Structure formats: C-alpha cells, structure tokens
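As stored in upload-v6.cif (mmCIF, C-alpha atoms):
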data_target
loop_
_atom_site.label_atom_id
_atom_site.label_comp_id
_atom_site.auth_asym_id
_atom_site.auth_seq_id
_atom_site.Cartn_x
_atom_site.Cartn_y
_atom_site.Cartn_z
CA MET A 1 0.00 0.00 0.00
CA PRO A 2 1.23 3.51 -0.69
CA SER A 3 2.27 5.50 2.33
CA ASP A 4 0.48 8.67 3.51
CA VAL A 5 3.34 10.67 2.09
CA ASN A 6 2.91 9.05 -1.34
CA ARG A 7 -0.86 9.62 -1.26
CA ARG A 8 -0.36 13.29 -0.42
CA SER A 9 2.22 13.59 -3.18
CA THR A 10 -0.15 12.02 -5.71
CA ARG A 11 -3.03 14.31 -4.64
CA SER A 12 -0.75 17.32 -5.00
CA ARG A 13 0.20 16.35 -8.53
CA VAL A 14 -3.45 15.80 -9.54
CA THR A 15 -4.56 19.11 -8.02
CA SER A 16 -1.84 21.13 -9.72
CA ALA A 17 -2.69 19.50 -13.06
CA VAL A 18 -6.22 20.96 -13.11
CA THR A 19 -6.35 23.76 -15.65
CA LEU A 20 -8.44 26.88 -15.91
CA GLN A 21 -10.03 25.42 -19.04
CA GLN A 22 -11.25 22.41 -17.01
CA VAL A 23 -12.78 24.69 -14.39
CA ALA A 24 -14.55 26.72 -17.06
CA ARG A 25 -15.88 23.58 -18.74
CA ASP A 26 -17.07 22.09 -15.45
CA ALA A 27 -18.83 25.34 -14.49
CA GLY A 28 -20.39 25.71 -17.92
CA VAL A 29 -18.94 29.18 -18.51
CA SER A 30 -16.49 30.73 -20.94
CA LEU A 31 -12.76 30.71 -20.33
CA ALA A 32 -12.86 34.50 -20.04
CA THR A 33 -15.53 34.38 -17.30
CA ALA A 34 -13.64 31.75 -15.30
CA SER A 35 -10.45 33.79 -15.62
CA ARG A 36 -12.13 36.98 -14.36
CA VAL A 37 -13.66 35.23 -11.35
CA LEU A 38 -10.52 33.38 -10.28
CA SER A 39 -8.24 36.37 -10.85
CA GLY A 40 -10.41 38.54 -8.61
CA SER A 41 -11.64 40.88 -11.37
CA ASP A 42 -15.23 39.60 -11.19
CA ARG A 43 -17.12 42.87 -10.75
CA ASN A 44 -18.72 42.42 -14.18
CA VAL A 45 -19.71 38.77 -13.66
CA LYS A 46 -23.16 37.78 -12.43
CA GLN A 47 -23.24 36.33 -8.92
CA GLU A 48 -24.70 33.06 -10.17
CA LEU A 49 -21.77 32.57 -12.55
CA GLN A 50 -19.27 33.52 -9.84
CA ASP A 51 -20.75 30.87 -7.56
CA ARG A 52 -20.59 28.22 -10.28
CA VAL A 53 -16.94 28.97 -11.06
CA LEU A 54 -15.89 28.99 -7.40
CA GLU A 55 -17.79 25.76 -6.74
CA ALA A 56 -16.16 24.05 -9.72
CA ALA A 57 -12.71 25.29 -8.69
CA ALA A 58 -13.21 23.95 -5.16
CA ARG A 59 -14.57 20.62 -6.38
CA LEU A 60 -11.66 20.13 -8.79
CA ARG A 61 -9.18 21.49 -6.21
CA TYR A 62 -7.93 24.02 -8.72
CA VAL A 63 -4.87 25.94 -7.54
CA SER A 64 -3.94 29.03 -9.56
CA ASN A 65 -0.33 29.67 -10.38
CA ALA A 66 0.13 33.28 -9.30
CA PRO A 67 3.49 33.89 -11.04
CA ALA A 68 2.21 32.36 -14.26
CA ARG A 69 -1.03 34.36 -14.04
CA ALA A 70 0.90 37.57 -13.54
CA LEU A 71 2.99 36.77 -16.62
CA VAL A 72 -0.01 35.86 -18.77
CA GLN A 73 -2.04 38.91 -17.76
CA SER A 74 0.77 41.35 -18.33
CA THR A 75 0.41 43.35 -21.50
CA THR A 76 2.63 45.51 -23.65
CA SER A 77 2.22 48.89 -25.30
CA LEU A 78 1.33 47.08 -28.53
CA VAL A 79 -2.15 47.25 -30.07
CA GLY A 80 -3.24 45.36 -33.15
CA LEU A 81 -5.33 46.61 -36.05
CA VAL A 82 -6.69 44.01 -38.47
CA VAL A 83 -8.02 45.38 -41.78
CA HIS A 84 -8.84 43.83 -45.14
CA ASP A 85 -6.36 45.71 -47.32
CA VAL A 86 -4.00 48.50 -46.28
CA ARG A 87 -4.20 49.97 -49.80
CA ASP A 88 -7.90 50.76 -49.77
CA PRO A 89 -9.16 54.19 -48.65
CA TYR A 90 -11.51 52.67 -46.05
CA SER A 91 -8.65 51.02 -44.17
CA ALA A 92 -6.43 54.09 -44.54
CA ALA A 93 -9.04 56.40 -43.00
CA VAL A 94 -9.84 54.06 -40.10
CA THR A 95 -6.12 53.59 -39.45
CA SER A 96 -5.56 57.35 -39.44
CA GLY A 97 -8.19 57.90 -36.75
CA LEU A 98 -6.94 55.00 -34.65
CA MET A 99 -3.35 56.25 -34.87
CA GLU A 100 -4.36 59.57 -33.33
CA VAL A 101 -5.56 57.80 -30.18
CA ALA A 102 -2.55 55.48 -30.17
CA ARG A 103 -0.20 58.46 -30.36
CA ASP A 104 -1.92 60.18 -27.44
CA HIS A 105 -1.49 57.02 -25.34
CA LYS A 106 2.07 56.32 -26.56
CA LEU A 107 1.08 52.97 -28.05
CA LEU A 108 2.67 51.05 -30.91
CA VAL A 109 0.24 49.87 -33.62
CA MET A 110 0.75 46.69 -35.62
CA VAL A 111 -1.43 46.53 -38.75
CA GLY A 112 -2.37 43.20 -40.31
CA PRO A 113 -4.11 42.99 -43.72
CA ALA A 114 -6.43 39.96 -43.90
CA TYR A 115 -7.46 40.32 -47.57
CA HIS A 116 -11.02 39.11 -46.85
CA ASP A 117 -9.67 35.82 -45.46
CA PRO A 118 -11.31 34.81 -42.14
CA ALA A 119 -8.52 32.31 -41.43
CA LEU A 120 -5.94 35.08 -41.71
CA GLN A 121 -7.99 37.31 -39.38
CA THR A 122 -7.91 34.50 -36.83
CA GLU A 123 -4.19 33.98 -37.29
CA TYR A 124 -3.47 37.66 -36.63
CA VAL A 125 -5.41 37.54 -33.36
CA ALA A 126 -3.45 34.47 -32.30
CA ARG A 127 -0.14 36.17 -33.11
CA LEU A 128 -1.12 39.30 -31.22
CA ARG A 129 -2.13 37.16 -28.25
CA ALA A 130 1.31 35.56 -28.30
CA GLN A 131 2.81 39.06 -28.30
CA ARG A 132 0.60 39.95 -25.28
CA ALA A 133 -0.85 42.92 -27.12
CA ARG A 134 -2.92 45.25 -24.99
CA ALA A 135 -5.85 45.49 -27.41
CA ILE A 136 -7.02 44.54 -30.89
CA VAL A 137 -9.36 46.37 -33.26
CA LEU A 138 -10.89 44.16 -35.94
CA ALA A 139 -11.66 46.91 -38.45
CA GLY A 140 -12.27 44.86 -41.59
CA SER A 141 -15.89 43.79 -41.95
CA GLY A 142 -16.65 40.32 -40.67
CA PHE A 143 -18.46 37.59 -42.56
CA THR A 144 -22.17 36.92 -42.21
CA GLY A 145 -22.78 34.36 -39.49
CA GLY A 146 -19.31 34.90 -38.02
CA THR A 147 -16.61 32.25 -37.68
CA THR A 148 -16.23 29.87 -34.74
CA GLU A 149 -12.44 29.87 -34.95
CA LEU A 150 -12.20 33.66 -34.76
CA ALA A 151 -14.64 33.80 -31.84
CA ARG A 152 -12.60 31.18 -29.98
CA GLU A 153 -9.34 33.05 -30.53
CA VAL A 154 -10.89 36.36 -29.49
CA GLU A 155 -12.16 34.74 -26.29
CA ALA A 156 -8.70 33.39 -25.53
CA PHE A 157 -7.23 36.86 -26.05
CA THR A 158 -9.72 38.50 -23.68
CA ALA A 159 -9.17 35.73 -21.13
CA GLN A 160 -5.57 36.85 -20.72
CA GLY A 161 -6.64 40.43 -20.02
CA GLY A 162 -6.72 42.01 -23.49
CA ARG A 163 -9.60 43.95 -25.05
CA VAL A 164 -11.02 43.42 -28.53
CA ILE A 165 -13.30 45.80 -30.41
CA ALA A 166 -14.92 44.60 -33.62
CA VAL A 167 -16.18 46.78 -36.45
CA SER A 168 -19.03 45.29 -38.51
CA HIS A 169 -18.74 41.73 -37.19
CA GLU A 170 -21.29 39.13 -36.14
CA GLY A 171 -21.09 36.54 -33.38
CA LEU A 172 -18.08 37.82 -31.45
CA PRO A 173 -18.28 38.07 -27.62
CA VAL A 174 -16.93 41.65 -27.57
CA ASP A 175 -18.10 45.22 -28.09
CA THR A 176 -19.04 45.68 -31.74
CA LEU A 177 -19.17 48.99 -33.57
CA THR A 178 -21.34 48.96 -36.69
CA PRO A 179 -22.28 51.82 -39.04
CA ARG A 180 -25.97 51.99 -39.86
CA TYR A 181 -25.36 50.51 -43.27
CA ARG A 182 -29.02 49.80 -43.97
CA ASP A 183 -29.94 53.43 -43.34
CA GLY A 184 -27.40 54.45 -45.97
CA GLY A 185 -28.78 51.95 -48.47
CA ARG A 186 -32.32 53.19 -47.86
CA ALA A 187 -31.24 56.80 -48.38
CA VAL A 188 -29.78 55.85 -51.78
CA ALA A 189 -33.04 54.21 -52.87
CA ARG A 190 -35.07 57.22 -51.75
CA HIS A 191 -32.77 59.61 -53.62
CA LEU A 192 -32.94 57.69 -56.89
CA ALA A 193 -36.71 57.28 -56.64
CA SER A 194 -37.16 60.98 -55.91
CA LEU A 195 -35.24 61.81 -59.11
CA GLY A 196 -37.59 59.62 -61.13
CA HIS A 197 -35.46 56.53 -61.70
CA THR A 198 -37.49 53.32 -62.00
CA GLU A 199 -34.71 50.74 -62.36
CA ALA A 200 -31.17 50.50 -60.98
CA GLY A 201 -28.17 48.22 -61.09
CA VAL A 202 -25.81 47.38 -58.23
CA VAL A 203 -22.05 46.84 -58.21
CA CYS A 204 -20.85 45.33 -54.94
CA GLY A 205 -18.01 43.59 -53.18
CA PRO A 206 -18.12 40.03 -51.73
CA THR A 207 -21.69 39.47 -50.52
CA GLY A 208 -20.48 37.31 -47.64
CA LEU A 209 -19.22 40.43 -45.87
CA VAL A 210 -21.49 41.95 -43.22
CA ALA A 211 -20.93 45.47 -44.56
CA VAL A 212 -21.85 44.53 -48.12
CA GLN A 213 -24.88 42.48 -47.06
CA GLU A 214 -26.29 45.25 -44.85
CA ARG A 215 -25.80 48.02 -47.42
CA LEU A 216 -27.45 45.91 -50.10
CA ARG A 217 -30.33 44.84 -47.88
CA GLY A 218 -31.23 48.39 -46.92
CA PHE A 219 -31.16 49.48 -50.57
CA VAL A 220 -33.21 46.57 -51.90
CA GLU A 221 -35.81 46.77 -49.12
CA ALA A 222 -36.39 50.49 -49.64
CA ALA A 223 -36.33 50.13 -53.44
CA ALA A 224 -39.14 47.56 -53.26
CA GLU A 225 -41.24 49.91 -51.15
CA LEU A 226 -40.64 52.82 -53.55
CA GLY A 227 -41.23 51.00 -56.82
CA LEU A 228 -37.57 51.11 -57.85
CA THR A 229 -36.82 47.83 -59.63
CA VAL A 230 -33.60 46.04 -58.66
CA LEU A 231 -33.39 42.62 -60.33
CA ASP A 232 -31.06 39.89 -59.07
CA LYS A 233 -29.35 39.74 -62.46
CA HIS A 234 -28.61 43.46 -62.15
CA CYS A 235 -26.45 42.93 -59.02
CA VAL A 236 -22.86 42.21 -60.04
CA GLU A 237 -20.23 41.12 -57.50
CA ALA A 238 -16.51 41.90 -57.83
CA GLU A 239 -13.47 42.88 -55.79
CA CYS A 240 -13.82 46.11 -53.76
CA THR A 241 -11.40 47.98 -56.01
CA ARG A 242 -11.51 50.46 -58.88
CA ASP A 243 -10.64 47.69 -61.34
CA GLY A 244 -13.29 45.44 -59.81
CA GLY A 245 -15.92 48.16 -60.17
CA ARG A 246 -14.94 48.83 -63.77
CA ALA A 247 -15.13 45.17 -64.81
CA ALA A 248 -18.43 44.69 -62.97
CA THR A 249 -19.97 47.71 -64.71
CA ILE A 250 -19.08 46.38 -68.16
CA ARG A 251 -20.73 43.05 -67.28
CA LEU A 252 -23.76 44.84 -65.85
CA PHE A 253 -24.43 46.92 -68.97
CA ARG A 254 -24.00 43.93 -71.24
CA ARG A 255 -26.91 42.42 -69.34
CA ALA A 256 -28.97 45.60 -69.01
CA PRO A 257 -27.92 48.46 -71.32
CA GLU A 258 -31.13 50.35 -70.47
CA LEU A 259 -30.23 51.04 -66.83
CA SER A 260 -30.33 54.70 -65.83
CA ALA A 261 -28.64 54.37 -62.40
CA VAL A 262 -25.88 52.37 -60.72
CA PHE A 263 -25.31 52.04 -56.99
CA ALA A 264 -21.72 51.02 -56.13
CA LEU A 265 -21.51 49.73 -52.57
CA ASP A 266 -17.98 51.11 -52.18
CA ASP A 267 -16.46 54.39 -53.36
CA ALA A 268 -13.40 52.68 -54.83
CA MET A 269 -15.71 50.58 -56.96
CA ALA A 270 -17.70 53.72 -57.85
CA LEU A 271 -14.56 55.22 -59.39
CA GLY A 272 -14.35 52.13 -61.58
CA VAL A 273 -18.01 52.57 -62.51
CA LEU A 274 -17.32 56.14 -63.65
CA ALA A 275 -14.30 54.99 -65.69
CA ALA A 276 -16.24 52.18 -67.38
CA LEU A 277 -19.17 54.40 -68.28
CA ARG A 278 -16.89 57.12 -69.69
CA ASP A 279 -14.12 55.13 -71.36
CA ASP A 280 -15.61 51.73 -72.19
CA LEU A 281 -19.32 52.34 -72.69
CA GLY A 282 -19.47 55.92 -73.96
CA ARG A 283 -22.08 57.00 -71.40
CA MET A 284 -22.29 60.43 -69.81
CA VAL A 285 -22.69 60.80 -66.02
CA PRO A 286 -25.23 61.90 -64.92
CA ASP A 287 -26.95 62.67 -68.26
CA ASP A 288 -27.16 59.02 -69.32
CA VAL A 289 -26.49 57.20 -66.05
CA SER A 290 -26.54 58.36 -62.42
CA VAL A 291 -23.88 56.90 -60.12
CA ILE A 292 -23.85 56.66 -56.33
CA GLY A 293 -21.06 55.33 -54.10
CA TYR A 294 -20.67 54.40 -50.43
CA GLY A 295 -18.01 55.65 -48.02
CA ASP A 296 -17.37 59.28 -48.97
CA PHE A 297 -13.65 58.78 -49.42
CA PRO A 298 -11.55 61.95 -49.98
CA LEU A 299 -11.47 61.44 -53.76
CA ALA A 300 -15.27 61.42 -53.98
CA GLU A 301 -15.41 65.20 -53.97
CA ASP A 302 -12.54 65.65 -56.41
CA VAL A 303 -13.52 63.37 -59.30
CA THR A 304 -15.50 64.70 -62.26
CA PRO A 305 -18.40 64.66 -61.80
CA SER A 306 -18.16 64.78 -58.01
CA LEU A 307 -19.61 61.63 -56.52
CA THR A 308 -22.93 61.38 -54.73
CA THR A 309 -22.24 58.91 -51.91
CA VAL A 310 -23.09 57.74 -48.41
CA HIS A 311 -20.82 59.31 -45.81
CA LEU A 312 -19.10 57.03 -43.31
CA PRO A 313 -17.19 58.79 -40.50
CA LEU A 314 -14.24 56.45 -40.96
CA GLU A 315 -11.61 58.34 -38.97
CA GLU A 316 -14.08 58.73 -36.11
CA ILE A 317 -14.73 54.98 -36.22
CA GLY A 318 -10.99 54.37 -35.82
CA ARG A 319 -10.73 56.83 -32.92
CA ARG A 320 -13.79 55.48 -31.17
CA ALA A 321 -12.80 51.83 -31.61
CA LEU A 322 -9.40 52.22 -29.96
CA SER A 323 -10.82 54.47 -27.23
CA LEU A 324 -13.31 51.73 -26.40
CA ALA A 325 -10.56 49.12 -26.43
CA LEU A 326 -8.51 51.12 -23.92
CA GLY A 327 -11.46 51.57 -21.55
CA ASP A 328 -12.93 49.25 -18.94
CA ALA A 329 -14.68 46.12 -20.13
CA PRO A 330 -18.49 46.31 -19.84
CA ALA A 331 -20.57 43.76 -17.97
CA SER A 332 -21.63 42.25 -21.28
CA PRO A 333 -20.75 42.89 -24.94
CA ARG A 334 -22.42 45.94 -26.47
CA GLN A 335 -23.75 46.54 -29.97
CA LEU A 336 -22.89 50.15 -30.79
CA THR A 337 -23.87 52.02 -33.95
CA VAL A 338 -22.47 54.85 -36.04
CA PRO A 339 -24.77 57.08 -38.14
CA THR A 340 -24.53 57.36 -41.93
CA ARG A 341 -25.84 60.09 -44.24
CA LEU A 342 -26.26 60.67 -47.96
CA VAL A 343 -24.12 63.39 -49.54
CA VAL A 344 -25.63 64.55 -52.84
CA ARG A 345 -23.17 65.82 -55.44
CA ALA A 346 -23.02 66.04 -59.23
CA SER A 347 -23.09 62.36 -60.27
CA THR A 348 -26.86 61.95 -59.90
CA ALA A 349 -29.72 63.60 -61.79
CA ALA A 350 -33.16 62.86 -63.16
CA PRO A 351 -33.07 60.19 -65.89
CA HIS A 352 -32.61 61.51 -69.42
CA PRO A 353 -35.59 60.70 -71.68
CA HIS A 354 -33.57 58.34 -73.89
CA GLY A 355 -32.23 56.56 -70.82
CA SER A 356 -35.67 55.86 -69.36
#
Give the structure from this file in structure tokens form.
Amino acid sequence: MPSDVNRRSTRSRVTSAVTLQQVARDAGVSLATASRVLSGSDRNVKQELQDRVLEAAARLRYVSNAPARALVQSTTSLVGLVVHDVRDPYSAAVTSGLMEVARDHKLLVMVGPAYHDPALQTEYVARLRAQRARAIVLAGSGFTGGTTELAREVEAFTAQGGRVIAVSHEGLPVDTLTPRYRDGGRAVARHLASLGHTEAGVVCGPTGLVAVQERLRGFVEAAAELGLTVLDKHCVEAECTRDGGRAATIRLFRRAPELSAVFALDDAMALGVLAALRDDLGRMVPDDVSVIGYGDFPLAEDVTPSLTTVHLPLEEIGRRALSLALGDAPASPRQLTVPTRLVVRASTAAPHPHGS
C-alpha cells in the first residue's frame, strides 16, 4: 500500500494538473468568465456565474499559479489593427483615426491585412495574443454568421486580459461597432426614386461580408417599397477595387444596357463605374447614367463629376474603436452604432428621356 506521504504527493500532482479550461468547462462558462472570477476581477460577472466557477474550482481542487497568471495577464504597449487591405481608402481612413488615439497614449500599432480571409484574421489575433498585445481592433468587416475559430481566438485573447473591439462583425463576444449601413442603403433608394429613376443596377463587393450584405439589404428593401426595380441579375459582385468596379460595370451593362442608375456599394468601386461608363461604354454621367457610391472617401469630392455617396465617419470609427478598447470592459458585450448620411453631389440627376 502507498504511504500517507505518497498519497499526499499524488493528490498534489493531480490538483496542480487541473487547468483553468477544465474549471470553465465544469462550471459551464467561458474561459474569459472563469479567468475573471478566479483572478479577482469579477465585478462584471453575475453572482450566479461567480458561484458556479468557485464551486467548480473547489470541487476540482484548482490551484492558480500566481506567477504564471501575472505573466499571462501582463500586456505591452502594442495594439493590433486588423483590416482587409492596407491599400484601400476605407482602411487608410480608419487607421488614421486610430493612430491619433494610439499616439496620445504612446502605443505602438501593428497593422495586419487579412485580404477578406477569415482564417488570416484568426491567425493575426493568435499572433497578437502571443505578443501579449494590450488590445485589438478588428476593423475589416466580418463575414455573415461569423466564424467559430475567430470567436474562440478572441475569447482566448480577452481571457488573458486584453480587449477586442470589432467593427461590422457578427457573433463575437466583444463590443461591436457597426455603421448603420441599412440606413445608408435606404437613403440611396429614396434619392434615386425621388429623381424619377425606376430601375437601378448594383455593383458590390463580396456578398459574404457583413458590410456589403447590410448596405445591399437596406437598398433593396427600400427600393421595393418605392417601386424602384432592382433585379437579381442586375447585381454584379466583384473585388472592392476600382478595377473590380470597372469590370463589374461592363458586365452589368452587357446584361442591361437600359439602366439609368448604378449604386456602387464602395467608393473605390464607384470610381471604376465612372471609368467604365466614360471610357468603355461611352455613357455620360449623370446625363445618361446616375452613379452613387458608399463611403465618402476623400477622392469622392474631387472626381468629375463629383460623386454622390453615403458618408461614413471612418476616422471617427478608428478613434472610437481604440478608445473603447482602452477603456474598462463592460458587464456584457455591447452593440454600438455609427450614423450614416447621404451626400448629394453632381453624379446623380433625373433620368434623361432616352435613358428611361
């Protein structure tokens, strides 16, 4: 039979082997919740959940490793910014606003371009967690329905004391900042209908993106109410670039040369629409075709004709996102919105009689 000393030694080894993940699983809570309770920062955790975590920890004889916890929860002056493409005006404007806040707080910003790849978004979060970054802003639109892998990695990051703020994401257990994309789409439909347009085409980026889906939904819903026809075959998907917008416009007008209006769900694409109409299709804007963009990038006011578009306060989104990330965590994740508004310029007009 083993001696008392051996039995105590065995019990000690078993107790020390219990992990925080096991406690969380036994209590039926997230890893982040278990971490907050057992690290003493449980002010934002419901009493019922605190009791469950403490009961599970006692039952499993969980013993926290204070030195290891101090190491894990320490953070650096590094913050991460994950965007889709550093070359696009959307990402540049959001980055500019975020950098202002980072400068004021003497923080170093690491920017990771995900190129619309959810796996790469997840990988960046994992790398930033390994670097013990203080906070992460996921500024590139998420994908409809969210991704389990990204949500899991975000939860692991917050469990070690970091903050994550998402912009236009679904299904993440963190504060999410989302422009009122549908409102912008509705405003576009109302504007075109008020000018007398009865049919419109759409040029858009990947429809799996939350931002694209919401902009399109608001436009199509309002168009149906106003009698503005938007057929499925008149919605052409392409890359969110000038070249993508140009190629999509050529395809669109091969299908429907009679269209009198085009809504580009991104200003970069709208520039491609203008180029295609002028250089490839021989159409005048707005005499033959009205064009509307989305974003109100700096170039929108300088092109000829100046672009009617939906304004997004992109620099403000960047500032607000990092400010939220540097603040205290709320009791539960919040869904926060940012207003949008239509800016009418010279690229839209009443349909010309021969374009009706």
Between CA of Ala159 in chain A and CA of Ser141 in chain A, distance in Å (one decimal): 23.3 Å
Residue IDs satisfying the PyMOL selection byres ((chain A and resi 250-262) around 10), as a ChimeraX atom specification: /A:192,196-203,233-237,245-249,263-265,270,272-274,276-277,280-281,285-293,347-356
Distance query Val29 in chain A at most 10 Å, all atoms listed in the file, self and fewer than 3 positions along chain excluded, as a list in words: Gln21, Val23, Ala24, Arg25, Asp26, Ala32, Thr33, Ala34, Leu49, Gln50, Arg52 and Val53 of chain A
Selection under test: the PyMOL selection byres ((chain A and resi 215) around 9); residues as a PyMOL selection string: chain A and resi 180-186+210-214+216-220+265+294
Expansion of the PyMOL selection byres ((chain A and resi 299) around 12) into residues, as a ChimeraX atom specification: /A:88-90,267-268,270-271,293,295-298,300-309
Would you output that residue set with C-alpha atoms, as a short mmCIF file (atom, residue, chain, number, x, y, z; two decimals), in the coordinates of the input?
data_model
loop_
_atom_site.label_atom_id
_atom_site.label_comp_id
_atom_site.auth_asym_id
_atom_site.auth_seq_id
_atom_site.Cartn_x
_atom_site.Cartn_y
_atom_site.Cartn_z
CA ASP A 88 -7.90 50.76 -49.77
CA PRO A 89 -9.16 54.19 -48.65
CA TYR A 90 -11.51 52.67 -46.05
CA ASP A 267 -16.46 54.39 -53.36
CA ALA A 268 -13.40 52.68 -54.83
CA ALA A 270 -17.70 53.72 -57.85
CA LEU A 271 -14.56 55.22 -59.39
CA GLY A 293 -21.06 55.33 -54.10
CA GLY A 295 -18.01 55.65 -48.02
CA ASP A 296 -17.37 59.28 -48.97
CA PHE A 297 -13.65 58.78 -49.42
CA PRO A 298 -11.55 61.95 -49.98
CA ALA A 300 -15.27 61.42 -53.98
CA GLU A 301 -15.41 65.20 -53.97
CA ASP A 302 -12.54 65.65 -56.41
CA VAL A 303 -13.52 63.37 -59.30
CA THR A 304 -15.50 64.70 -62.26
CA PRO A 305 -18.40 64.66 -61.80
CA SER A 306 -18.16 64.78 -58.01
CA LEU A 307 -19.61 61.63 -56.52
CA THR A 308 -22.93 61.38 -54.73
CA THR A 309 -22.24 58.91 -51.91
#
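Taking CA of Val338 in chain A as the reference point, CA of Ser168 in chain A is found at 10.5 Å.
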Pairwise distance for CA of Leu177 in chain A and CA of Leu98 in chain A, rounded to one decimal in Å: 13.7 Å
Nearby residues (all atoms listed in the file) at most 6 Å from range 325-336 of chain A, same-chain spacing under 3 positions excluded, as a ChimeraX atom specification: /A:44,163,165,174-177,322
Could I get range 134-142 of chain A rebuilt with all heavy atoms, written as a PDB file, keeping the file's coordinate frame?
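Produced file part09.pdb, reproduced below:
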ATOM      1  N   ARG A 134      -1.967  44.678 -25.958  1.00  0.00           N
ATOM      2  CA  ARG A 134      -2.920  45.250 -24.990  1.00  0.00           C
ATOM      3  C   ARG A 134      -4.347  45.208 -25.524  1.00  0.00           C
ATOM      4  O   ARG A 134      -5.294  44.990 -24.770  1.00  0.00           O
ATOM      5  CB  ARG A 134      -2.518  46.690 -24.687  1.00  0.00           C
ATOM      6  CG  ARG A 134      -3.441  47.401 -23.716  1.00  0.00           C
ATOM      7  CD  ARG A 134      -2.879  48.759 -23.337  1.00  0.00           C
ATOM      8  NE  ARG A 134      -3.795  49.527 -22.517  1.00  0.00           N
ATOM      9  CZ  ARG A 134      -3.542  50.737 -22.041  1.00  0.00           C
ATOM     10  NH1 ARG A 134      -2.386  51.311 -22.320  1.00  0.00           N
ATOM     11  NH2 ARG A 134      -4.424  51.378 -21.303  1.00  0.00           N
ATOM     12  N   ALA A 135      -4.509  45.447 -26.819  1.00  0.00           N
ATOM     13  CA  ALA A 135      -5.850  45.490 -27.410  1.00  0.00           C
ATOM     14  C   ALA A 135      -5.765  45.197 -28.892  1.00  0.00           C
ATOM     15  O   ALA A 135      -4.704  45.321 -29.515  1.00  0.00           O
ATOM     16  CB  ALA A 135      -6.490  46.867 -27.182  1.00  0.00           C
ATOM     17  N   ILE A 136      -6.908  44.794 -29.459  1.00  0.00           N
ATOM     18  CA  ILE A 136      -7.020  44.540 -30.890  1.00  0.00           C
ATOM     19  C   ILE A 136      -8.292  45.202 -31.408  1.00  0.00           C
ATOM     20  O   ILE A 136      -9.347  45.112 -30.771  1.00  0.00           O
ATOM     21  CB  ILE A 136      -7.085  43.029 -31.209  1.00  0.00           C
ATOM     22  CG1 ILE A 136      -5.819  42.312 -30.750  1.00  0.00           C
ATOM     23  CG2 ILE A 136      -7.311  42.797 -32.699  1.00  0.00           C
ATOM     24  CD1 ILE A 136      -5.873  40.790 -30.918  1.00  0.00           C
ATOM     25  N   VAL A 137      -8.184  45.855 -32.553  1.00  0.00           N
ATOM     26  CA  VAL A 137      -9.360  46.370 -33.260  1.00  0.00           C
ATOM     27  C   VAL A 137      -9.490  45.591 -34.564  1.00  0.00           C
ATOM     28  O   VAL A 137      -8.580  45.615 -35.394  1.00  0.00           O
ATOM     29  CB  VAL A 137      -9.254  47.880 -33.539  1.00  0.00           C
ATOM     30  CG1 VAL A 137     -10.418  48.332 -34.440  1.00  0.00           C
ATOM     31  CG2 VAL A 137      -9.265  48.661 -32.230  1.00  0.00           C
ATOM     32  N   LEU A 138     -10.595  44.886 -34.707  1.00  0.00           N
ATOM     33  CA  LEU A 138     -10.890  44.160 -35.940  1.00  0.00           C
ATOM     34  C   LEU A 138     -11.692  45.095 -36.837  1.00  0.00           C
ATOM     35  O   LEU A 138     -12.922  45.164 -36.745  1.00  0.00           O
ATOM     36  CB  LEU A 138     -11.669  42.884 -35.636  1.00  0.00           C
ATOM     37  CG  LEU A 138     -10.963  41.858 -34.740  1.00  0.00           C
ATOM     38  CD1 LEU A 138     -11.916  40.728 -34.366  1.00  0.00           C
ATOM     39  CD2 LEU A 138      -9.730  41.290 -35.448  1.00  0.00           C
ATOM     40  N   ALA A 139     -11.008  45.836 -37.701  1.00  0.00           N
ATOM     41  CA  ALA A 139     -11.660  46.910 -38.450  1.00  0.00           C
ATOM     42  C   ALA A 139     -12.211  46.463 -39.793  1.00  0.00           C
ATOM     43  O   ALA A 139     -13.069  47.130 -40.361  1.00  0.00           O
ATOM     44  CB  ALA A 139     -10.688  48.070 -38.659  1.00  0.00           C
ATOM     45  N   GLY A 140     -11.721  45.360 -40.338  1.00  0.00           N
ATOM     46  CA  GLY A 140     -12.270  44.860 -41.590  1.00  0.00           C
ATOM     47  C   GLY A 140     -13.575  44.138 -41.336  1.00  0.00           C
ATOM     48  O   GLY A 140     -13.703  43.360 -40.384  1.00  0.00           O
ATOM     49  N   SER A 141     -14.578  44.402 -42.150  1.00  0.00           N
ATOM     50  CA  SER A 141     -15.890  43.790 -41.950  1.00  0.00           C
ATOM     51  C   SER A 141     -15.782  42.285 -41.777  1.00  0.00           C
ATOM     52  O   SER A 141     -15.008  41.610 -42.460  1.00  0.00           O
ATOM     53  CB  SER A 141     -16.800  44.100 -43.147  1.00  0.00           C
ATOM     54  OG  SER A 141     -18.006  43.364 -43.076  1.00  0.00           O
ATOM     55  N   GLY A 142     -16.589  41.757 -40.856  1.00  0.00           N
ATOM     56  CA  GLY A 142     -16.650  40.320 -40.670  1.00  0.00           C
ATOM     57  C   GLY A 142     -17.529  39.660 -41.715  1.00  0.00           C
ATOM     58  O   GLY A 142     -18.091  40.317 -42.593  1.00  0.00           O
TER      59      GLY A 142
END
